[in-house]
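Structure record follows, encoded as structure tokens.
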Number of protein chains: 2
Amino acid sequence: VRHAVILAGGSGTRLWPTSRRERPKQLLPIARDDEPMIKGAVAIAQGVVGESVLVVTAQAQAEATRAAVPDVDLVIEPVGRNTAAAIALGATAIAARDPDAVIAVLPADQHVRDRVGMMDALDVCLAAVERDDVIALVGIPPTRPETGFGYLEMAAGPSDGARPVLRFVEKPDLERARAYLASGRHLWNAGIFCLSARRALTELAWYLPETLRAARALVAPAPHGQIALGGDPDDAVAAYADLPSVSFDHGVMEKLCDGAAADGRVVAVAAAVGWNDVGSWAALPEVRGIDGEGNTIAGQAVVIDGRGNVVATDDGTLVALVGVSDLVVVRSGDAILVVPKDQAQRVREVVEVLSARGLGRYL
Amino acid sequence: VRHAVILAGGSGTRLWPTSRRERPKQLLPIARDDEPMIKGAVAIAQGVVGESVLVVTAQAQAEATRAAVPDVDLVIEPVGRNTAAAIALGATAIAARDPDAVIAVLPADQHVRDRVGMMDALDVCLAAVERDDVIALVGIPPTRPETGFGYLEMAAGPSDGARPVLRFVEKPDLERARAYLASGRHLWNAGIFCLSARRALTELAWYLPETLRAARALVAPAPHGQIALGGDPDDAVAAYADLPSVSFDHGVMEKLCDGAAADGRVVAVAAAVGWNDVGSWAALPEVRGIDGEGNTIAGQAVVIDGRGNVVATDDGTLVALVGVSDLVVVRSGDAILVVPKDQAQRVREVVEVLSARGLGRYL
């Protein structure tokens with residue numbers, strides 16, 4: 001049977017001040033005012049697999065996550081330990097209920113403009129898993145020479161359907177990113193993929209045995225289809241918290257593609273579906289659109305003689321911009337960010353400075 | 001005896017969003033965190049005339065004004081009707097108690113860095129009034145070709161002491177402002193001046209008789225030195241509210257300097273005292289100073305890789321600026337303003353747009 005695991009353990013501050021340590025991106029209505037981003041992931045997952053959607057989230061966000069998506073099961077990590085551990089937890093929980101499960105894995109904090117297109121791509125992936133027991137990724141055809149993403153290098157061949165992945169490529173420099181864009185053989189790695197529960201557990205047992213062991217200690221099957229913590233809770237929590245932070249890509253999939261081990265077990269389907277990871281405020285125009293002056297406005301704002309600005313504000317607070325262009329101005333709660341759009345990733349520096357100056361209460 | 005009238009009826013939004021209709025500039029701690037601007041004017045006045053300081057303010061600001069300067073008398077206008085009416089009210093109230101009064105008139109919403117220098121200049125003015133019954137202004141030697149102020153054109157002569165004013169000059173264009181700056185014979189008109197109560201009432205009776213009549217109807221001498229409303233309150237209030245909005249400069253002083261009437265009755269004393277009318281956020285660096293990166297910060301802010309910015313925020317809200325320079329960012333209450341420093345006067349446009357769009361609640 002088909003299942004989905006939604007990875008909602010992130011706690012980033014890339015969209016600070018709207019995203020905070022305790023209020024991560026996936027719980028915010030970034031793309032639409034009325035919808036936390038995780039709802040988009042759940043909608044896609046339900047469209048592909050039906051009702052069996054499991055959300056893996058960290059204890060700190062559990063309550064807010066349950067409020068955002070009350071109709072799905074949660075598996076709660078004591079603390080977030082990156083995607084390998086989260087997938088181990090999700091796959092263990094699902095396998096306990098359905099040993100023959102095939103699973104679609106989706107991050108909770110991405111925006112997909114064409115949800116039906118994404119469902120179609122996932123459907124192709126799940127079919128490939130069911131047929132060949134591969135690991136099948138959804139890859140995104142690049143639309144710009146992005147240096148902030150990992151890439152999948154594909155085998156030559158027809159561009160529709162699932163093709164073997166030759167190599168996982170780390171974030172490239174600009175020159176290589178341009179070459180990848182031109183090659184037609186590279187896809188953005190969106191962290192979206194399908195695999196059987198059995199394969200997930202087999203590969204984890206091989207490449208990351210401690211991670212799998214820690215996940216199994218946390219998850220136990222419970223009556224009535226509920227997911228519960230099992231074993232000795234204190235020991236299990238401590239073991240999980242002690243796990244190294246490893247991504248499933250890095251800890252498992254890259255190795256499956258690597259040299260001698262490569263045998264076509266990892267494939268990808270290209271899907272031009274308007275995917276966006278909303279990695280900084282500069283992405284807001286793409287996910288929310290622009291007005292006649294090229295401004296993107298979320299909340300109550302007035303822009304006079306300004307173009308290409310990104311403004312986000314909440315709680316009825318008004319932002320007035322005069323004579324400025326290509327600027328990001330975000331207000332949320334007790335903080336305001338002002339940064340040029342082409343430097344939006346520098347919010348990282350703000351986070352560092354606030355931490356260093358004892359102003360972590362604003363994070 | 002010497003008295004002072006402080007004009008505190010302004011209700012401007014030039015420092016929006018910190019200044020609002022109901023919370024004008026003179027009541028804000030713009031120059032110093034712990035001191036509403038009106039306190040500076042009161043301190044100067046008390047330094048020159050002692051205890052007899054009268055503040056003229058509008059009903060809407062009366063309570064806040066009393067809280068800001070509890071130790072002075074208030075005369076409360078039903079509504080603000082510009083400086084001619086306010087001075088008529090103040091002079092009438094003072095003359096009722098002291099017919100031989102000489103009066104120093106000061107706006108409540110200016111910043112003076114060298115308060116002792118301003119007191120000295122007012123002392124010279126008051127002495128000239130006591131000696132010659134002139135109207136004696138404090139004029140500010142210009143330090144830049146400012147197009148936002150009126151100028152006083154002085155008679156040639158030694159630059160210290162009181163010299164005749166030949167002409168009141170309206171706000172000039174840039175070319176003329178440059179010529180004034182170079183001439184050495186022009187001073188900024190700061191709206192600060194001294195005159196006898198008797199002359200104030202005489203000239204008002206000649207040039208603005210309705211204004212004087214309306215003021216007299218509002219003010220009546222009361223026992224024990226209190227200022228009280230007199231006559232038929234409703235009629236008096238209505239008559240005052242119906243007055244045209246005329247400045248004392250325009251309605252009285254310009255005419256006294258004009259052509260045939262000019263007879264040296266208006267004089268001015270030059271005072272380089274670090275005077276600033278804080279007419280826009282661009283003035284904040286001059287009144288509050290700058291830090292090592294040229295930024296002026298009032299409140300909780302972090303500036304990374306930015307120079308020459310003006311940041312003001314209150315209530316503990318943090319403003320983080322990254323990679324922007326020469327920008328004004330002000331947050332107060334439910335509104336945020338972002339505008340280049342050299343366009344700071346465009347807050348006027350924001351006010352217009354907010355009014356036009358039914359967003360007057362933010363003003």
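Quick note on naming: the chains in the structure tokens go A, B, ... in the order shown, residues restart at 1 in each chain, and ligands are numbered from 1 in order of appearance.
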
Write down, as an NGL selection string, each residue of chain B that has any atom within 7 Å of an atom of chain A, counting only C-alpha atoms.
:B and (317-324 or 334-340 or 350)

Surrounding residues of Gln26 in chain B excluding itself and chain neighbours under 2 positions, 6 Å, only C-alpha atoms, as a VMD selection string
chain B and resid 24 28 37 to 38 108 to 109

If you run DSSP on this backbone, which residues of range 105-198 of chain B come out as strand (DSSP E or B), and could you give them as an MDAnalysis selection string?
chainID B and resid 105:107 111:112 135:140 151:154 162:169 186:196

If you count only C-alpha atoms, which residues fall within 7 Å of range 176-184 of chain B, apart from same-chain ones fewer than 6 positions away, as a PyMOL selection string?
chain B and resi 142+144-147

Requested write-out: C-alpha atoms of the selected residues, as a short mmCIF file (atom, residue, chain, number, x, y, z; two decimals), in the first residue's frame:
```cif
data_model
loop_
_atom_site.label_atom_id
_atom_site.label_comp_id
_atom_site.auth_asym_id
_atom_site.auth_seq_id
_atom_site.Cartn_x
_atom_site.Cartn_y
_atom_site.Cartn_z
CA PRO B 142 22.41 79.24 7.76
CA ARG B 144 23.41 74.88 4.26
CA PRO B 145 21.32 76.11 1.32
CA GLU B 146 18.07 75.04 2.95
CA THR B 147 14.95 75.43 0.81
#
```

Can you tell me which residues surround Val56 in chain A at a distance of at most 6 Å, considering only C-alpha atoms, apart from same-chain residues fewer than 4 positions away, and format the answer as an MDAnalysis selection string?
chainID A and resid 7:8 74:76

Write a file of the just-selected residues containing all heavy atoms, as an mmCIF file, in the first residue's frame.
```cif
data_model
loop_
_atom_site.group_PDB
_atom_site.id
_atom_site.type_symbol
_atom_site.label_atom_id
_atom_site.label_comp_id
_atom_site.auth_asym_id
_atom_site.auth_seq_id
_atom_site.Cartn_x
_atom_site.Cartn_y
_atom_site.Cartn_z
ATOM 1 N N LEU A 7 8.389 15.365 6.033
ATOM 2 C CA LEU A 7 9.463 15.747 6.935
ATOM 3 C C LEU A 7 9.235 17.187 7.392
ATOM 4 O O LEU A 7 9.373 18.128 6.615
ATOM 5 C CB LEU A 7 10.812 15.627 6.232
ATOM 6 C CG LEU A 7 11.092 14.248 5.606
ATOM 7 C CD1 LEU A 7 12.416 14.268 4.839
ATOM 8 C CD2 LEU A 7 11.115 13.167 6.688
ATOM 9 N N ALA A 8 8.877 17.320 8.685
ATOM 10 C CA ALA A 8 8.513 18.640 9.206
ATOM 11 C C ALA A 8 9.313 18.946 10.471
ATOM 12 O O ALA A 8 8.820 19.535 11.417
ATOM 13 C CB ALA A 8 7.018 18.702 9.482
ATOM 14 N N LEU A 74 1.074 11.914 13.528
ATOM 15 C CA LEU A 74 2.381 12.517 13.801
ATOM 16 C C LEU A 74 3.317 11.490 14.395
ATOM 17 O O LEU A 74 2.911 10.666 15.203
ATOM 18 C CB LEU A 74 2.264 13.657 14.819
ATOM 19 C CG LEU A 74 1.519 14.928 14.457
ATOM 20 C CD1 LEU A 74 1.872 16.008 15.485
ATOM 21 C CD2 LEU A 74 1.866 15.396 13.061
ATOM 22 N N VAL A 75 4.581 11.540 13.986
ATOM 23 C CA VAL A 75 5.643 10.878 14.737
ATOM 24 C C VAL A 75 6.531 11.991 15.244
ATOM 25 O O VAL A 75 6.970 12.840 14.462
ATOM 26 C CB VAL A 75 6.445 9.901 13.863
ATOM 27 C CG1 VAL A 75 7.672 9.414 14.618
ATOM 28 C CG2 VAL A 75 5.578 8.729 13.449
ATOM 29 N N ILE A 76 6.765 11.972 16.544
ATOM 30 C CA ILE A 76 7.429 13.115 17.159
ATOM 31 C C ILE A 76 8.859 12.762 17.551
ATOM 32 O O ILE A 76 9.085 11.866 18.373
ATOM 33 C CB ILE A 76 6.631 13.583 18.393
ATOM 34 C CG1 ILE A 76 5.229 14.012 17.935
ATOM 35 C CG2 ILE A 76 7.351 14.715 19.103
ATOM 36 C CD1 ILE A 76 4.255 14.211 19.056
#
```

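Of the listed residues B:Val5, B:Val310, B:Val105, B:Ala88, the one whose atoms come nearest to Asn295 in chain B is B:Val310, with distances taken using only C-alpha atoms.
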
Please compute the CA of Ile290 in chain A-CA of Arg115 in chain A distance, one decimal, in Å.
20.4 Å

Applying 10 Å and only C-alpha atoms, which residues near Ala128 in chain B remain after dropping the ones on its own chain fewer than 6 positions away? List them as a list in words.
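The residues that qualify are Leu122, Val134, Ile135, Ala136, Gly161, Ala162, Cys194, Leu195, Val267, Ala268 and Val269 of chain B.
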